[in-house]
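Input: a single structure, listed below in C-alpha cells.
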Amino acid sequence: GLNVTDPNSIISSLSWEMTGATEATSNGFGINQIGSYTFNEGTTVVTYRGATLYNNSINCTFTVTVTDNQAPRLISSPGHITVRNLPGECYANVSWTEPSAADNCVPQDQLVFTSNYNSGQQFPVGSTRVKYRISDGVNTAVHNFTVTVIDAEAPEMIAPLAMESECGKPVPDAFTTWEQFEQAGGSANDNCSVNYGSFRYVGQTSSGITCPYTV
C-alpha cells in the first residue's frame, strides 16, 4: 500500500511529498499517511520523511506509475457514403463531417486525426475505404467507412448510317457483334469506359415493306 508500516507504534512524526506527474504535500505536523490517493497519468515519486520515538530518522522513497492503456473513443462518424458521379465525369467530389472522439486523458482538441483521404477529395466510380487513425499520443483508435460513387450515366451509342437495299435483293444481315457494328461506322462513348463485350443484338425494325427497303 501507500502507508509506512508501524507495527510497534514507534513513529513520532511523519510527512510525505509527491513530485512528478502528481504533486502534493502533507502538512508538516503529526503522523501523516497517504492512505488512498488518485494519481495522474505518468510517474510520481513519493517520499516519506519522519522520526521515531527513539530519534531515528525515517526516509522512504518509491514511485507510482499510472499508464494510459485506453484508446480514444469514437463519438460520431459520417458513416458509409453513397453518391452519384458528376455529369460527364467518372468521379465525384465527396465531402463529409469529420469524425469526433473523446479520450480519458487528452482533451478533444488535442487528439490527432490522420486519414488516407480528406473530405472534398475526388473519388472514382466504385467503392473506396477511408481510414481514420485517432491518437492521444500513446494509444490509437482506427475507424473505417466506405465512399461509393455510382456511375449513373449510360453509354451513348451512335449507329451507322442507314442502308438501303434494292427491291428483290437480300436484306443485309443485322450487326450481331461489336466489330461488325464498328466497321459499319458505329461508335459508343461513356463518361467512364465502354464494355464492348456487352454489345448484344436485340432485334431490328424496318421502314416498311415497300421499296426501297431501309434498314
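Please note that chains go A, B, ... in the order of the C-alpha cells, that every chain numbers its residues from 1, and that ligands are numbered from 1 in the order shown.
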
Show me, as CSV, the residues of region 159-200 of chain A having an atom within 12 Å of region 89-99 of chain A, each with the closest atom pair and its distance in Å, using only C-alpha atoms.
```
residue,atom,partner,partner_atom,distance
A:Asp190,CA,A:Cys90,CA,9.0
A:Asn191,CA,A:Glu89,CA,5.2
A:Cys192,CA,A:Cys90,CA,4.9
A:Ser193,CA,A:Cys90,CA,8.6
A:Val194,CA,A:Cys90,CA,11.9
```

Pull C-alpha atoms from the residues just selected and write them as a PDB file, in the first residue's frame.
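Saved to out29.pdb:
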```
ATOM      1  CA  ASP A 190     -19.096   6.805 -71.967  1.00  0.00           C
ATOM      2  CA  ASN A 191     -18.038   9.023 -69.076  1.00  0.00           C
ATOM      3  CA  CYS A 192     -16.028   6.107 -67.647  1.00  0.00           C
ATOM      4  CA  SER A 193     -15.403   3.288 -70.115  1.00  0.00           C
ATOM      5  CA  VAL A 194     -17.303   1.157 -72.589  1.00  0.00           C
TER       6      VAL A 194
END
```

Where does region 38-75 of chain A meet region 104-120 of chain A within 10 Å, residue by residue, with the nearest atom pair and distance in Å to one decimal for each, counting only C-alpha atoms, listed by chain and rising number, as JSON lines?
```
{"residue": "A:Asn40", "atom": "CA", "partner": "A:Cys105", "partner_atom": "CA", "distance": 9.1}
{"residue": "A:Glu41", "atom": "CA", "partner": "A:Cys105", "partner_atom": "CA", "distance": 7.8}
{"residue": "A:Asp68", "atom": "CA", "partner": "A:Cys105", "partner_atom": "CA", "distance": 7.6}
{"residue": "A:Asn69", "atom": "CA", "partner": "A:Asn104", "partner_atom": "CA", "distance": 9.7}
{"residue": "A:Gln70", "atom": "CA", "partner": "A:Asn104", "partner_atom": "CA", "distance": 7.2}
{"residue": "A:Ala71", "atom": "CA", "partner": "A:Asn104", "partner_atom": "CA", "distance": 8.4}
{"residue": "A:Pro72", "atom": "CA", "partner": "A:Asn104", "partner_atom": "CA", "distance": 7.4}
{"residue": "A:Arg73", "atom": "CA", "partner": "A:Asn104", "partner_atom": "CA", "distance": 8.6}
```

Would you mind exporting the chosen residues as a PDB file, in the first residue's frame, restricted to N, CA, C and O atoms?
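Printed below is out_3.pdb as written:
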```
ATOM      1  N   ASN A  40      -2.233  11.082 -11.182  1.00  0.00           N
ATOM      2  CA  ASN A  40      -2.305  11.428 -12.601  1.00  0.00           C
ATOM      3  C   ASN A  40      -1.530  10.413 -13.435  1.00  0.00           C
ATOM      4  O   ASN A  40      -0.667   9.675 -12.919  1.00  0.00           O
ATOM      5  N   GLU A  41      -1.822  10.404 -14.730  1.00  0.00           N
ATOM      6  CA  GLU A  41      -1.064   9.544 -15.639  1.00  0.00           C
ATOM      7  C   GLU A  41       0.413   9.938 -15.612  1.00  0.00           C
ATOM      8  O   GLU A  41       0.764  11.116 -15.595  1.00  0.00           O
ATOM      9  N   ASP A  68      -1.670   4.943 -19.296  1.00  0.00           N
ATOM     10  CA  ASP A  68      -2.913   5.073 -20.069  1.00  0.00           C
ATOM     11  C   ASP A  68      -2.941   3.982 -21.132  1.00  0.00           C
ATOM     12  O   ASP A  68      -2.141   3.984 -22.064  1.00  0.00           O
ATOM     13  N   ASN A  69      -3.851   3.049 -20.988  1.00  0.00           N
ATOM     14  CA  ASN A  69      -3.970   1.974 -21.980  1.00  0.00           C
ATOM     15  C   ASN A  69      -5.320   2.009 -22.697  1.00  0.00           C
ATOM     16  O   ASN A  69      -5.739   1.031 -23.307  1.00  0.00           O
ATOM     17  N   GLN A  70      -6.001   3.159 -22.644  1.00  0.00           N
ATOM     18  CA  GLN A  70      -7.296   3.295 -23.302  1.00  0.00           C
ATOM     19  C   GLN A  70      -7.155   4.145 -24.562  1.00  0.00           C
ATOM     20  O   GLN A  70      -6.674   5.277 -24.501  1.00  0.00           O
ATOM     21  N   ALA A  71      -7.565   3.579 -25.685  1.00  0.00           N
ATOM     22  CA  ALA A  71      -7.551   4.328 -26.942  1.00  0.00           C
ATOM     23  C   ALA A  71      -8.699   5.331 -26.945  1.00  0.00           C
ATOM     24  O   ALA A  71      -9.688   5.162 -26.229  1.00  0.00           O
ATOM     25  N   PRO A  72      -8.593   6.386 -27.741  1.00  0.00           N
ATOM     26  CA  PRO A  72      -9.709   7.331 -27.857  1.00  0.00           C
ATOM     27  C   PRO A  72     -10.991   6.616 -28.282  1.00  0.00           C
ATOM     28  O   PRO A  72     -10.957   5.631 -29.015  1.00  0.00           O
ATOM     29  N   ARG A  73     -12.099   7.141 -27.827  1.00  0.00           N
ATOM     30  CA  ARG A  73     -13.417   6.536 -28.095  1.00  0.00           C
ATOM     31  C   ARG A  73     -14.142   7.366 -29.145  1.00  0.00           C
ATOM     32  O   ARG A  73     -14.285   8.584 -29.011  1.00  0.00           O
TER      33      ARG A  73
END
```

Practice prompt. Would you list the contacts of Gly42 (chain A) as number ranges by chain, taking every protein, DNA or RNA residue within 8 Å and counting only C-alpha atoms, but skipping same-chain residues closer than 6 positions in sequence?
Written response: A: 20-21, 65-67

Next, write the just-selected residues to a file, as a compact mmCIF listing (two decimals), in the first residue's frame, keeping C-alpha atoms as the atom set.
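Output below, filename result16.txt:
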```txt
# COMPACT_ATOMS: atom_id res chain seq x y z
CA GLY A 20 6.41 14.29 -10.91
CA ALA A 21 3.11 13.50 -12.60
CA THR A 65 3.32 4.80 -12.31
CA VAL A 66 -0.08 5.19 -13.97
CA THR A 67 -0.22 4.00 -17.59
```
